[in-house]
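Reproduced below: protein.txt, with compact mmCIF, C-alpha atoms and all ligand atoms.
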# COMPACT_ATOMS: atom_id res chain seq x y z
CA MET Q 20 24.41 12.44 57.66
CA MET Q 21 24.53 16.17 56.87
CA ILE Q 22 26.75 15.56 53.79
CA ASP Q 23 24.36 12.86 52.59
CA THR Q 24 21.43 15.28 52.76
CA ILE Q 25 23.37 17.99 50.91
CA LEU Q 26 24.31 15.49 48.17
CA ILE Q 27 20.68 14.40 47.75
CA VAL Q 28 19.53 18.03 47.53
CA VAL Q 29 22.24 18.83 44.92
CA GLU Q 30 21.24 15.74 42.96
CA LEU Q 31 17.57 16.74 43.02
CA VAL Q 32 18.42 20.29 41.88
CA LEU Q 33 20.49 18.92 38.99
CA ILE Q 34 17.67 16.56 37.91
CA LEU Q 35 15.21 19.45 38.07
CA LEU Q 36 17.54 21.63 35.98
CA TYR Q 37 17.92 18.84 33.42
CA ILE Q 38 14.11 18.45 33.15
CA ILE Q 39 13.63 22.23 32.72
CA ILE Q 40 16.29 22.44 29.96
CA HIS Q 41 14.87 19.37 28.21
CA CYS Q 42 11.29 20.75 28.32
CA TYR Q 43 12.51 24.11 27.03
CA ASN Q 44 14.24 22.40 24.09
CA VAL Q 45 11.12 20.38 23.26
CA PHE Q 46 9.08 23.58 23.43
CA LEU Q 47 11.48 25.35 21.06
CA GLN Q 48 11.58 22.42 18.71
CA TYR Q 49 7.87 21.77 18.43
CA TYR Q 50 6.12 24.98 19.25
CA ASN Q 51 8.21 27.93 18.33
CA MET Q 52 9.73 26.70 15.13
CA ASP Q 53 7.98 27.62 11.93
CA THR Q 54 10.82 27.57 9.50
CA ILE Q 55 13.34 24.79 9.30
CA LYS Q 56 16.95 25.94 9.45
CA ILE Q 57 19.94 24.40 7.80
CA ASN Q 58 22.42 22.76 10.15
CA PRO Q 59 24.95 25.53 10.87
CA GLU Q 60 27.75 22.98 11.14
CA LYS Q 61 27.36 21.96 7.52
CA GLU Q 62 30.67 20.71 6.20
CA GLY Q 63 32.26 21.70 2.90
CA ASN Q 64 32.44 25.47 2.61
CA SER Q 65 35.02 25.47 -0.12
CA ASN Q 66 33.08 24.63 -3.23
CA ILE Q 67 31.90 26.45 -6.30
CA ILE Q 68 28.16 25.77 -5.81
CA ASP Q 69 27.92 27.34 -2.34
CA ASP Q 70 30.01 30.32 -3.49
CA LYS Q 71 27.44 30.99 -6.19
CA LEU Q 72 24.42 30.51 -3.90
CA ASN Q 73 25.78 32.87 -1.27
CA LYS Q 74 26.43 35.57 -3.87
CA GLU Q 75 22.89 35.21 -5.22
CA ASP Q 76 21.54 36.40 -1.88
CA ASN Q 77 23.48 39.70 -1.95
CA GLY Q 78 26.34 38.19 -0.04
CA ASP Q 79 24.22 36.96 2.88
CA THR Q 80 24.10 33.25 3.59
CA ILE Q 81 20.76 31.73 2.76
CA GLU Q 82 19.68 30.31 6.08
CA ASP Q 83 16.52 28.34 5.58
CA ILE Q 84 16.55 27.50 1.91
CA PHE Q 85 17.44 23.95 1.03
CA ASP Q 86 18.83 22.98 -2.33
CA VAL Q 87 16.57 19.95 -2.41
CA ALA Q 88 13.41 18.86 -0.59
CA ILE Q 89 12.58 15.17 -0.84
CA ILE Q 90 9.06 14.01 -0.04
CA GLY Q 91 9.09 10.35 0.96
CA GLY Q 92 11.73 8.32 2.76
CA GLY Q 93 11.40 4.92 1.09
CA TYR Q 94 14.03 3.29 -1.11
CA SER Q 95 13.94 6.00 -3.78
CA GLY Q 96 13.85 9.07 -1.52
CA LEU Q 97 16.58 7.76 0.76
CA SER Q 98 18.76 6.82 -2.17
CA ALA Q 99 18.48 10.38 -3.53
CA ALA Q 100 19.21 11.79 -0.04
CA LEU Q 101 22.33 9.66 0.33
CA LEU Q 102 23.90 11.03 -2.82
CA LEU Q 103 22.81 14.60 -2.12
CA GLY Q 104 24.46 14.33 1.31
CA ARG Q 105 27.66 13.18 -0.36
CA TYR Q 106 27.37 16.10 -2.79
CA LEU Q 107 27.24 18.42 0.30
CA ARG Q 108 23.84 19.75 -0.81
CA PRO Q 109 21.51 21.12 1.90
CA THR Q 110 18.68 18.62 1.67
CA ILE Q 111 15.53 18.12 3.67
CA ILE Q 112 13.69 14.83 3.60
CA PHE Q 113 10.10 14.49 4.83
CA ASP Q 114 8.66 11.09 5.60
CA VAL Q 115 5.70 9.60 7.38
CA LYS Q 116 6.88 6.26 8.62
CA GLN Q 117 5.33 3.30 6.91
CA ARG Q 118 5.31 0.12 8.94
CA ARG Q 119 5.40 -2.84 6.59
CA LYS Q 120 5.90 -6.43 7.69
CA SER Q 121 7.90 -7.91 4.83
CA VAL Q 122 11.33 -9.17 3.86
CA ILE Q 123 13.10 -7.95 0.78
CA HIS Q 124 13.90 -10.18 -2.18
CA GLY Q 125 15.95 -9.35 -5.23
CA TYR Q 126 17.92 -6.46 -3.70
CA LEU Q 127 21.55 -7.39 -4.21
CA GLY Q 128 23.39 -7.82 -0.93
CA PHE Q 129 20.20 -7.73 1.16
CA GLU Q 130 18.33 -10.89 0.09
CA LYS Q 131 15.71 -11.86 2.72
CA THR Q 132 16.53 -8.89 4.98
CA PRO Q 133 13.48 -7.53 6.87
CA ARG Q 134 12.37 -4.28 5.23
CA GLU Q 135 12.42 -2.37 8.53
CA GLU Q 136 16.06 -3.35 9.09
CA LEU Q 137 17.11 -2.21 5.61
CA ILE Q 138 15.26 1.11 5.87
CA GLN Q 139 16.72 1.79 9.33
CA LYS Q 140 20.22 1.14 8.00
CA ALA Q 141 19.49 3.44 5.04
CA TRP Q 142 18.43 6.29 7.38
CA LYS Q 143 21.65 5.80 9.36
CA ASP Q 144 23.68 5.95 6.15
CA VAL Q 145 21.90 9.11 5.00
CA LEU Q 146 21.96 11.02 8.29
CA GLN Q 147 25.71 10.67 8.73
CA TYR Q 148 25.92 13.48 6.16
CA ARG Q 149 25.29 16.70 8.01
CA SER Q 150 23.77 18.60 5.11
CA VAL Q 151 20.74 16.28 5.25
CA LYS Q 152 17.88 16.97 7.64
CA ARG Q 153 15.00 14.61 8.41
CA ILE Q 154 11.46 15.68 9.25
CA GLY Q 155 9.13 12.87 10.33
CA LYS Q 156 5.94 14.47 9.05
CA LYS Q 157 3.55 14.24 6.15
CA VAL Q 158 3.84 16.97 3.54
CA GLU Q 159 0.41 18.39 2.93
CA LYS Q 160 1.05 21.17 0.49
CA VAL Q 161 3.72 22.39 -1.92
CA GLU Q 162 3.38 25.84 -3.48
CA ARG Q 163 5.55 27.63 -5.97
CA ASP Q 164 7.20 30.93 -5.21
CA TYR Q 165 7.64 32.06 -8.81
CA ASP Q 166 9.46 35.29 -7.89
CA ASN Q 167 12.30 33.46 -6.18
CA ASN Q 168 12.04 30.21 -8.11
CA LEU Q 169 11.49 28.20 -4.94
CA PHE Q 170 9.09 25.59 -3.60
CA LEU Q 171 7.36 26.25 -0.31
CA ILE Q 172 6.67 23.03 1.56
CA THR Q 173 4.11 22.82 4.35
CA THR Q 174 3.64 19.78 6.57
CA ALA Q 175 0.41 18.46 8.04
CA THR Q 176 -0.32 19.11 11.70
CA THR Q 177 -0.24 15.44 12.56
CA GLY Q 178 3.13 13.84 13.11
CA GLU Q 179 4.50 10.38 13.76
CA ASN Q 180 3.92 10.70 17.46
CA VAL Q 181 0.22 11.15 18.12
CA LYS Q 182 0.78 12.34 21.71
CA GLU Q 183 2.71 15.34 20.41
CA ASN Q 184 -0.04 16.51 18.10
CA ASP Q 185 -1.26 19.26 20.39
CA LEU Q 186 2.16 20.87 20.39
CA ILE Q 187 3.05 20.43 16.78
CA LYS Q 188 2.76 23.40 14.51
CA ARG Q 189 2.85 23.17 10.77
CA ARG Q 190 6.40 23.50 9.53
CA LYS Q 191 7.61 25.13 6.42
CA ALA Q 192 10.73 24.82 4.35
CA ARG Q 193 11.84 26.37 1.10
CA ALA Q 194 13.75 24.51 -1.56
CA LYS Q 195 15.09 25.04 -5.06
CA TYR Q 196 14.46 21.49 -6.25
CA LEU Q 197 11.81 19.02 -5.29
CA ILE Q 198 11.95 15.23 -5.44
CA ILE Q 199 8.61 13.46 -5.14
CA ALA Q 200 9.18 9.95 -3.77
CA THR Q 201 5.80 9.21 -2.24
CA GLY Q 202 5.27 5.70 -3.63
CA VAL Q 203 2.08 3.72 -4.15
CA GLU Q 204 -0.16 1.62 -1.96
CA HIS Q 205 -1.63 -1.72 -3.01
CA VAL Q 206 -5.34 -2.29 -2.48
CA LYS Q 207 -5.89 -5.22 -0.12
CA PRO Q 208 -8.70 -7.76 -0.31
CA ASP Q 209 -11.51 -7.97 2.22
CA ILE Q 210 -11.05 -11.62 3.14
CA GLN Q 211 -11.28 -13.34 6.48
CA ASN Q 212 -7.80 -14.21 7.93
CA PHE Q 213 -6.01 -12.03 5.32
CA GLU Q 214 -3.84 -10.19 7.86
CA ASP Q 215 -2.77 -13.48 9.51
CA PHE Q 216 -1.09 -14.60 6.29
CA ASN Q 217 -0.16 -11.29 4.66
CA GLY Q 218 3.59 -11.51 4.00
CA SER Q 219 3.77 -15.23 4.81
CA GLY Q 220 1.67 -17.13 2.30
CA VAL Q 221 -0.09 -14.09 0.83
CA TRP Q 222 1.66 -11.57 -1.43
CA HIS Q 223 0.92 -9.24 -4.32
CA CYS Q 224 4.20 -8.74 -6.23
CA PRO Q 225 5.20 -11.62 -8.56
CA HIS Q 226 8.71 -10.29 -9.20
CA CYS Q 227 9.35 -9.95 -5.44
CA ASP Q 228 7.66 -13.07 -4.08
CA GLY Q 229 6.64 -15.24 -7.06
CA PHE Q 230 9.46 -17.64 -6.12
CA GLU Q 231 7.35 -18.66 -3.10
CA ALA Q 232 4.84 -20.17 -5.54
CA THR Q 233 7.40 -22.64 -6.93
CA ASP Q 234 5.60 -25.97 -7.57
CA LYS Q 235 2.79 -24.83 -5.27
CA ARG Q 236 -1.02 -24.68 -5.60
CA LEU Q 237 -1.52 -21.02 -6.32
CA VAL Q 238 -4.75 -19.06 -5.89
CA ILE Q 239 -4.85 -15.63 -7.49
CA ILE Q 240 -7.49 -13.01 -6.80
CA ALA Q 241 -7.86 -10.12 -9.20
CA SER Q 242 -10.27 -7.19 -9.21
CA ASP Q 243 -11.25 -7.22 -12.88
CA ASN Q 244 -9.92 -8.05 -16.27
CA LYS Q 245 -9.70 -4.57 -17.73
CA ASN Q 246 -7.14 -4.61 -20.58
CA ASN Q 247 -6.69 -8.34 -19.96
CA GLU Q 248 -4.88 -7.38 -16.71
CA ALA Q 249 -5.91 -10.38 -14.63
CA ILE Q 250 -4.95 -12.93 -17.25
CA LYS Q 251 -1.61 -11.16 -17.85
CA TYR Q 252 -0.96 -11.18 -14.11
CA ALA Q 253 -1.80 -14.89 -13.81
CA LYS Q 254 0.47 -15.74 -16.76
CA THR Q 255 3.46 -14.17 -14.91
CA PHE Q 256 3.41 -17.09 -12.48
CA LEU Q 257 3.65 -19.81 -15.13
CA GLY Q 258 7.43 -19.75 -14.74
CA TRP Q 259 7.03 -21.01 -11.15
CA THR Q 260 3.94 -23.19 -11.18
CA LYS Q 261 1.34 -24.63 -13.56
CA ASN Q 262 -1.20 -25.12 -10.77
CA ILE Q 263 -3.08 -21.79 -10.91
CA LYS Q 264 -6.66 -20.84 -10.02
CA LEU Q 265 -7.77 -17.30 -10.84
CA PHE Q 266 -10.73 -15.75 -8.97
CA PHE Q 267 -12.28 -12.33 -9.43
CA GLN Q 268 -12.75 -10.25 -6.33
CA ARG Q 269 -14.17 -6.95 -5.28
CA PRO Q 270 -11.47 -4.95 -3.46
CA LEU Q 271 -12.11 -3.38 -0.08
CA HIS Q 272 -13.63 0.17 -0.22
CA ARG Q 273 -13.73 0.25 -3.97
CA TYR Q 274 -17.06 -0.90 -5.29
CA ASN Q 275 -20.55 -1.04 -3.84
CA ASN Q 276 -22.12 -4.36 -2.96
CA ASP Q 277 -23.72 -5.02 -6.34
CA GLU Q 278 -22.53 -8.17 -8.01
CA ILE Q 279 -20.11 -7.29 -10.80
CA SER Q 280 -19.71 -9.45 -13.83
CA TYR Q 281 -16.10 -10.21 -14.65
CA ALA Q 282 -16.94 -11.95 -17.88
CA LEU Q 283 -13.96 -12.74 -20.08
CA THR Q 284 -14.05 -12.89 -23.84
CA GLU Q 285 -14.13 -16.35 -25.41
CA GLU Q 286 -10.60 -15.74 -26.70
CA GLN Q 287 -9.32 -14.97 -23.17
CA ARG Q 288 -11.05 -18.07 -21.79
CA ASN Q 289 -9.45 -20.19 -24.49
CA GLU Q 290 -6.02 -18.78 -23.81
CA ALA Q 291 -6.34 -19.44 -20.07
CA ARG Q 292 -7.60 -22.99 -20.75
CA THR Q 293 -4.71 -23.69 -23.14
CA LEU Q 294 -2.21 -22.50 -20.54
CA GLY Q 295 -3.86 -24.56 -17.79
CA ILE Q 296 -5.07 -21.53 -15.78
CA ASP Q 297 -8.36 -22.38 -14.09
CA VAL Q 298 -10.54 -19.23 -14.19
CA ILE Q 299 -13.47 -18.98 -11.73
CA GLU Q 300 -15.54 -16.05 -12.92
CA ASN Q 301 -18.51 -15.77 -10.57
CA ASP Q 302 -17.45 -16.96 -7.15
CA CYS Q 303 -15.09 -14.82 -5.06
CA ILE Q 304 -12.89 -15.87 -2.13
CA VAL Q 305 -14.20 -15.05 1.36
CA LYS Q 306 -11.77 -16.81 3.67
CA ILE Q 307 -8.22 -18.15 3.86
CA ILE Q 308 -7.87 -21.38 5.77
CA GLY Q 309 -4.63 -22.28 7.53
CA ASP Q 310 -3.24 -25.26 9.37
CA SER Q 311 -3.18 -24.40 13.07
CA GLU Q 312 -0.01 -26.45 13.65
CA THR Q 313 2.15 -25.36 10.72
CA ASN Q 314 0.58 -21.90 10.31
CA ALA Q 315 0.66 -22.47 6.56
CA ILE Q 316 -2.21 -21.91 4.14
CA VAL Q 317 -4.05 -25.11 3.21
CA GLY Q 318 -6.97 -23.69 1.24
CA VAL Q 319 -9.50 -20.99 0.55
CA LEU Q 320 -13.26 -20.83 0.87
CA SER Q 321 -15.36 -19.19 -1.81
CA LYS Q 322 -18.63 -17.26 -1.46
CA SER Q 323 -20.62 -20.31 -2.63
CA ASN Q 324 -19.02 -22.23 0.26
CA LYS Q 325 -16.73 -24.26 -1.98
CA TYR Q 326 -13.35 -25.27 -0.56
CA HIS Q 327 -10.30 -25.00 -2.83
CA GLU Q 328 -6.93 -26.42 -1.83
CA ALA Q 329 -4.12 -23.84 -1.96
CA ASP Q 330 -0.59 -23.24 -0.64
CA VAL Q 331 -0.11 -19.60 -1.60
CA LEU Q 332 -2.32 -16.67 -2.56
CA PHE Q 333 -1.47 -13.62 -4.65
CA TYR Q 334 -3.75 -10.59 -5.06
CA HIS Q 335 -3.95 -8.01 -7.81
CA LEU Q 336 -6.60 -5.44 -6.92
CA GLY Q 337 -5.13 -2.19 -8.12
CA GLN Q 338 -3.24 0.52 -6.31
CA ILE Q 339 -3.46 4.02 -4.96
CA ILE Q 340 -0.76 6.24 -6.43
CA HIS Q 341 0.27 8.93 -3.93
CA ASN Q 342 0.04 11.74 -6.46
CA GLU Q 343 -1.44 14.57 -4.33
CA ILE Q 344 1.72 16.72 -4.34
CA ALA Q 345 2.32 16.16 -8.07
CA ASN Q 346 -1.28 17.21 -8.74
CA GLN Q 347 -0.86 20.41 -6.72
CA LEU Q 348 2.12 21.35 -8.90
CA GLY Q 349 0.39 20.48 -12.17
CA CYS Q 350 2.74 17.65 -13.21
CA GLU Q 351 1.62 15.52 -16.15
CA PHE Q 352 0.80 11.84 -15.81
CA ASP Q 353 1.04 8.90 -18.17
CA GLU Q 354 -1.46 6.09 -17.51
CA GLY Q 355 -1.68 7.14 -13.86
CA TYR Q 356 2.07 7.36 -13.27
CA LEU Q 357 4.07 10.57 -13.09
CA LYS Q 358 5.66 11.39 -16.41
CA VAL Q 359 9.47 11.79 -16.17
CA ASN Q 360 12.33 12.16 -18.64
CA GLU Q 361 15.62 10.23 -18.68
CA LYS Q 362 16.89 12.40 -15.78
CA GLN Q 363 13.78 11.66 -13.65
CA GLN Q 364 12.54 15.22 -14.15
CA THR Q 365 8.77 15.68 -14.39
CA THR Q 366 7.07 18.04 -16.83
CA ILE Q 367 7.50 20.85 -14.27
CA PRO Q 368 11.01 22.39 -14.13
CA ASN Q 369 13.02 21.50 -11.02
CA VAL Q 370 10.47 18.88 -9.93
CA PHE Q 371 11.75 15.32 -10.05
CA ALA Q 372 9.87 12.10 -9.36
CA VAL Q 373 11.40 8.79 -8.35
CA GLY Q 374 10.43 5.26 -7.35
CA ASP Q 375 7.09 3.53 -7.73
CA ILE Q 376 5.25 6.76 -8.50
CA ASP Q 377 6.65 7.06 -12.02
CA THR Q 378 6.57 3.46 -13.23
CA ASP Q 379 4.49 0.29 -13.16
CA ARG Q 380 7.67 -1.68 -12.33
CA HIS Q 381 7.55 -1.72 -8.53
CA TYR Q 382 10.84 -3.00 -7.36
CA ALA Q 383 13.03 -1.67 -4.54
CA ILE Q 384 16.34 -1.75 -6.42
CA LEU Q 385 14.80 0.11 -9.38
CA ALA Q 386 13.32 2.68 -7.00
CA ALA Q 387 16.73 3.20 -5.37
CA ALA Q 388 18.37 3.54 -8.78
CA SER Q 389 15.92 6.23 -9.90
CA GLY Q 390 16.53 8.16 -6.66
CA ALA Q 391 20.26 8.11 -7.33
CA LEU Q 392 19.68 9.26 -10.90
CA ALA Q 393 17.60 12.25 -9.77
CA ALA Q 394 20.30 13.26 -7.28
CA ILE Q 395 23.00 13.06 -9.95
CA SER Q 396 20.86 15.14 -12.35
CA ILE Q 397 20.28 17.85 -9.74
CA TYR Q 398 23.94 17.99 -8.77
CA GLU Q 399 24.96 18.29 -12.42
CA ASP Q 400 22.43 21.10 -12.88
CA LEU Q 401 23.70 23.05 -9.86
CA LEU Q 402 27.30 22.53 -10.87
CA LYS Q 403 26.65 23.61 -14.45
CA ASP Q 404 25.04 26.83 -13.19
CA ALA Q 405 27.86 27.56 -10.78
CA ILE Q 406 30.54 26.99 -13.43
CA LYS Q 407 28.67 29.23 -15.88
CA THR Q 408 28.39 32.05 -13.30
CA THR Q 409 32.05 31.75 -12.30
CA LYS Q 410 33.14 31.95 -15.95
CA LEU Q 411 30.89 34.93 -16.66
CA GLU Q 412 32.26 36.78 -13.63
CA SER Q 413 35.85 36.14 -14.66
CA ASP Q 414 35.04 37.51 -18.14
CA ILE Q 415 33.83 40.83 -16.74
C1 LIG Q 501 4.35 -5.86 1.03
C2 LIG Q 501 5.37 -5.45 -0.01
C3 LIG Q 501 6.45 -6.30 -0.27
C4 LIG Q 501 7.40 -5.94 -1.23
N1 LIG Q 501 8.47 -6.77 -1.44
C5 LIG Q 501 9.43 -6.39 -2.29
C6 LIG Q 501 10.59 -7.22 -2.50
O1 LIG Q 501 10.73 -8.29 -1.90
N2 LIG Q 501 11.52 -6.80 -3.39
C7 LIG Q 501 11.40 -5.62 -4.06
O2 LIG Q 501 12.31 -5.29 -4.83
N3 LIG Q 501 10.32 -4.84 -3.90
C8 LIG Q 501 9.34 -5.19 -3.04
N4 LIG Q 501 8.23 -4.40 -2.86
C9 LIG Q 501 8.13 -3.18 -3.68
C10 LIG Q 501 9.00 -2.09 -3.07
O3 LIG Q 501 8.74 -2.01 -1.69
C11 LIG Q 501 8.71 -0.77 -3.77
O4 LIG Q 501 9.03 -0.89 -5.14
C12 LIG Q 501 9.53 0.35 -3.13
O5 LIG Q 501 9.20 0.47 -1.76
C13 LIG Q 501 9.28 1.66 -3.84
O6 LIG Q 501 10.01 2.64 -3.20
P1 LIG Q 501 9.50 4.16 -3.17
O7 LIG Q 501 10.61 4.94 -2.54
O8 LIG Q 501 9.01 4.56 -4.48
O9 LIG Q 501 8.21 4.15 -2.25
P2 LIG Q 501 7.99 3.64 -0.77
O10 LIG Q 501 9.04 2.68 -0.36
O11 LIG Q 501 6.57 3.21 -0.75
O12 LIG Q 501 8.20 4.94 0.12
C14 LIG Q 501 7.34 6.06 0.04
C15 LIG Q 501 7.47 6.80 1.37
O13 LIG Q 501 6.88 8.09 1.22
C16 LIG Q 501 6.09 8.37 2.38
N5 LIG Q 501 5.11 9.37 2.00
C17 LIG Q 501 4.07 9.26 1.13
N6 LIG Q 501 3.40 10.43 1.02
C18 LIG Q 501 4.05 11.32 1.83
C19 LIG Q 501 3.87 12.70 2.15
N7 LIG Q 501 2.87 13.43 1.61
N8 LIG Q 501 4.71 13.29 3.05
C20 LIG Q 501 5.72 12.59 3.60
N9 LIG Q 501 5.96 11.27 3.33
C21 LIG Q 501 5.13 10.65 2.45
C22 LIG Q 501 5.50 7.02 2.74
O14 LIG Q 501 5.05 6.96 4.07
C23 LIG Q 501 6.72 6.11 2.49
O15 LIG Q 501 7.55 6.04 3.64
C24 LIG Q 501 7.26 -4.73 -1.94
C25 LIG Q 501 6.16 -3.88 -1.69
C26 LIG Q 501 5.24 -4.23 -0.72
C27 LIG Q 501 4.06 -3.32 -0.46
Let me see the file written as structure tokens.
Amino acid sequence: MMIDTILIVVELVLILLYIIIHCYNVFLQYYNMDTIKINPEKEGNSNIIDDKLNKEDNGDTIEDIFDVAIIGGGYSGLSAALLLGRYLRPTIIFDVKQRRKSVIHGYLGFEKTPREELIQKAWKDVLQYRSVKRIGKKVEKVERDYDNNLFLITTATTGENVKENDLIKRRKARAKYLIIATGVEHVKPDIQNFEDFNGSGVWHCPHCDGFEATDKRLVIIASDNKNNEAIKYAKTFLGWTKNIKLFFQRPLHRYNNDEISYALTEEQRNEARTLGIDVIENDCIVKIIGDSETNAIVGVLSKSNKYHEADVLFYHLGQIIHNEIANQLGCEFDEGYLKVNEKQQTTIPNVFAVGDIDTDRHYAILAAASGALAAISIYEDLLKDAIKTTKLESDI
């Protein structure tokens, strides 16, 4: 009986100790930490790049300066991080999680894999390399430290976990190179039942999901026909179906309630007619109608209360390019997208941009490829510098 009591007391003391240590760690992690440190167990200390970097700092090791900071952990950012990890480069990757219910098409080896599954696997791949550190927060500000040729990155106070907000301080990191991988967001329509079918019957990307329109009755909604955009978009689907109805729609939070005329030129009307695209210019879609048993779309209802049969719906209402960080740094843009050269470098030295943010071709495998290209370019840059320094020193 006595032994039992002693054992229970010991157990309780141990649990209490565990809770105290855990709370202390959480406190240190979220409250006391301003500057993000490099993992001290970083592997690979026998290489020419780290030799050079250590010498640059008067022989001291540079503790909290990363070679590369990546903003955005989607396909492009993670792809860059994976290579940088394999190059042994101290890398920090910031990402606010984006929950997206979709499956991936056209990504070799991952056809029809849920996006969440692929991204989770990618994080696992990346974080096996100890020189890479992940911060699950939004980057709010990036400033340049011209004297030291560094970027100073500051996160927002809000994190992934809303409950922790009170404890979270802004965090800072310094980096020599910056990769902007913040992506774009597609404007969604304000239509009844949209969310019920989004990702299963309703899509926006023809190259990703146009296959779903094969031989189907397709309804397209577009915001306007600036630069013949809507007609061009509708024509993309002609390789899958000839049964296309194009409506013009006001996107959510974009225009006021005044009726907007989407009038096409006579030439555009003729082209659409010749190609068999039925254009409805002054009646927008207000509701998607589904079959309660099959859960599939059966039609759409327009503002004038007309019913149109349909199997799939695609929308093309513009996008929001996440260019806040690029703007802060003064990067140049080309038709809304970040301007980059063949190495993915922007117009600002040491700032790279990858993925959807620098192109109108929004495709996961292309985004991943551009991330890899940026990582290779940065590695080659660092290596070139280190080789040059080593040669100069041996000449002295
Ligand atoms: C619904 C949908 C379905 C799609 N289906 C396909 C498909 O089947 N096949 C295909 O090839 N492509 C598909 N795409 C396109 C593909 O997802 C994109 O081309 C790809 O995600 C682009 O990758 P990215 O790295 O540029 O940006 P994203 O994948 O968008 O990643 C950007 C990341 O940066 C984060 N971020 C943004 N700002 C900040 C900040 N300030 N601080 C920290 N983090 C930040 C975001 O939260 C996000 O996690 C689809 C897109 C959507 C929306």
Contact table chain Q vs ligand LIG 501 (chain Q), cut-off 6 Å, shortest pair per residue, only C-alpha atoms and all ligand atoms, as a tab-separated table:
residue	atom	partner	partner_atom	distance
Q:Ile90	CA	Q:LIG501	C20	5.1
Q:Gly91	CA	Q:LIG501	O13	3.2
Q:Gly92	CA	Q:LIG501	C15	4.7
Q:Gly93	CA	Q:LIG501	O12	3.3
Q:Tyr94	CA	Q:LIG501	O7	4.1
Q:Ser95	CA	Q:LIG501	O7	3.7
Q:Gly96	CA	Q:LIG501	O7	5.3
Q:Phe113	CA	Q:LIG501	C20	4.9
Q:Asp114	CA	Q:LIG501	N9	3.5
Q:Val115	CA	Q:LIG501	O14	4.3
Q:Lys116	CA	Q:LIG501	O14	5.0
Q:Gln117	CA	Q:LIG501	O14	4.6
Q:Ser121	CA	Q:LIG501	C3	5.5
Q:Val122	CA	Q:LIG501	O1	5.9
Q:Ile123	CA	Q:LIG501	O1	3.6
Q:His124	CA	Q:LIG501	O1	3.7
Q:Gly125	CA	Q:LIG501	N2	5.4
Q:Tyr126	CA	Q:LIG501	O2	5.8
Q:Lys156	CA	Q:LIG501	C20	5.8
Q:Lys157	CA	Q:LIG501	N8	3.4
Q:Val158	CA	Q:LIG501	N8	3.8
Q:Glu159	CA	Q:LIG501	N7	5.7
Q:Ala200	CA	Q:LIG501	O7	5.4
Q:Thr201	CA	Q:LIG501	C17	3.8
Q:Gly202	CA	Q:LIG501	O9	3.6
Q:Val203	CA	Q:LIG501	O11	5.7
Q:Cys227	CA	Q:LIG501	O1	4.1
Q:Gly374	CA	Q:LIG501	O8	3.3
Q:Asp375	CA	Q:LIG501	O8	3.9
Q:Ile376	CA	Q:LIG501	O8	5.9
Q:His381	CA	Q:LIG501	O4	3.8
Q:Tyr382	CA	Q:LIG501	O4	3.6
Q:Ala383	CA	Q:LIG501	O2	3.7
Q:Ile384	CA	Q:LIG501	O2	5.6
Q:Ala386	CA	Q:LIG501	O6	5.0
**Complete:** Separating atom CA of Pro208 of chain Q from atom CA of Leu294 of chain Q, to the nearest tenth of an Å, is a gap of 25.9 Å
**Item:** Option closest in space to Pro133 of chain Q, from Q:Ala291, Q:Tyr148, Q:Glu351, Q:Gly218 [counting only C-alpha atoms]
**Value:**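 Nearest to Pro133 of chain Q: Q:Gly218.
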**Request:** Skip segment 362-371 of chain Q itself and residues of its chain fewer than 3 positions away, then list as a list in words all residues within 8 Å of it, counting all atoms listed in the file.
**Result:**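 The residues satisfying every condition are Lys195, Tyr196, Leu197, Ile198, Ile199, Leu348, Gly349, Cys350, Glu351, Leu357, Lys358, Val359, Ser389, Leu392, Ala393 and Ser396 of chain Q.
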**Request:** Determine the nearest neighbour of Trp142 of chain Q from the options Q:Leu101, Q:Arg108, Q:Gly390, Q:Ala329, counting only C-alpha atoms.
**Result:**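 Closest candidate: Q:Leu101.
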**Atom pair atom CA of Leu336 of chain Q / atom CA of Ala387 of chain Q: separation (Å)** = 24.9 Å
**Message:** I'd like the contact shell of segment 254-268 of chain Q - 6 Å cut-off, only C-alpha atoms, skipping same-chain residues fewer than 2 positions apart - returned as a PyMOL selection string.
**Reply:** chain Q and resi 233-234+236-242+251-252+296-299+303
Residues of the last selection are to be written out with C-alpha atoms, as a PDB file, in the coordinates of the input.
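And here's selection.pdb as it stands now:
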ATOM      1  CA  THR Q 233       7.400 -22.640  -6.930  1.00  0.00           C
ATOM      2  CA  ASP Q 234       5.600 -25.970  -7.570  1.00  0.00           C
ATOM      3  CA  ARG Q 236      -1.020 -24.680  -5.600  1.00  0.00           C
ATOM      4  CA  LEU Q 237      -1.520 -21.020  -6.320  1.00  0.00           C
ATOM      5  CA  VAL Q 238      -4.750 -19.060  -5.890  1.00  0.00           C
ATOM      6  CA  ILE Q 239      -4.850 -15.630  -7.490  1.00  0.00           C
ATOM      7  CA  ILE Q 240      -7.490 -13.010  -6.800  1.00  0.00           C
ATOM      8  CA  ALA Q 241      -7.860 -10.120  -9.200  1.00  0.00           C
ATOM      9  CA  SER Q 242     -10.270  -7.190  -9.210  1.00  0.00           C
ATOM     10  CA  LYS Q 251      -1.610 -11.160 -17.850  1.00  0.00           C
ATOM     11  CA  TYR Q 252      -0.960 -11.180 -14.110  1.00  0.00           C
ATOM     12  CA  ILE Q 296      -5.070 -21.530 -15.780  1.00  0.00           C
ATOM     13  CA  ASP Q 297      -8.360 -22.380 -14.090  1.00  0.00           C
ATOM     14  CA  VAL Q 298     -10.540 -19.230 -14.190  1.00  0.00           C
ATOM     15  CA  ILE Q 299     -13.470 -18.980 -11.730  1.00  0.00           C
ATOM     16  CA  CYS Q 303     -15.090 -14.820  -5.060  1.00  0.00           C
TER      17      CYS Q 303
END
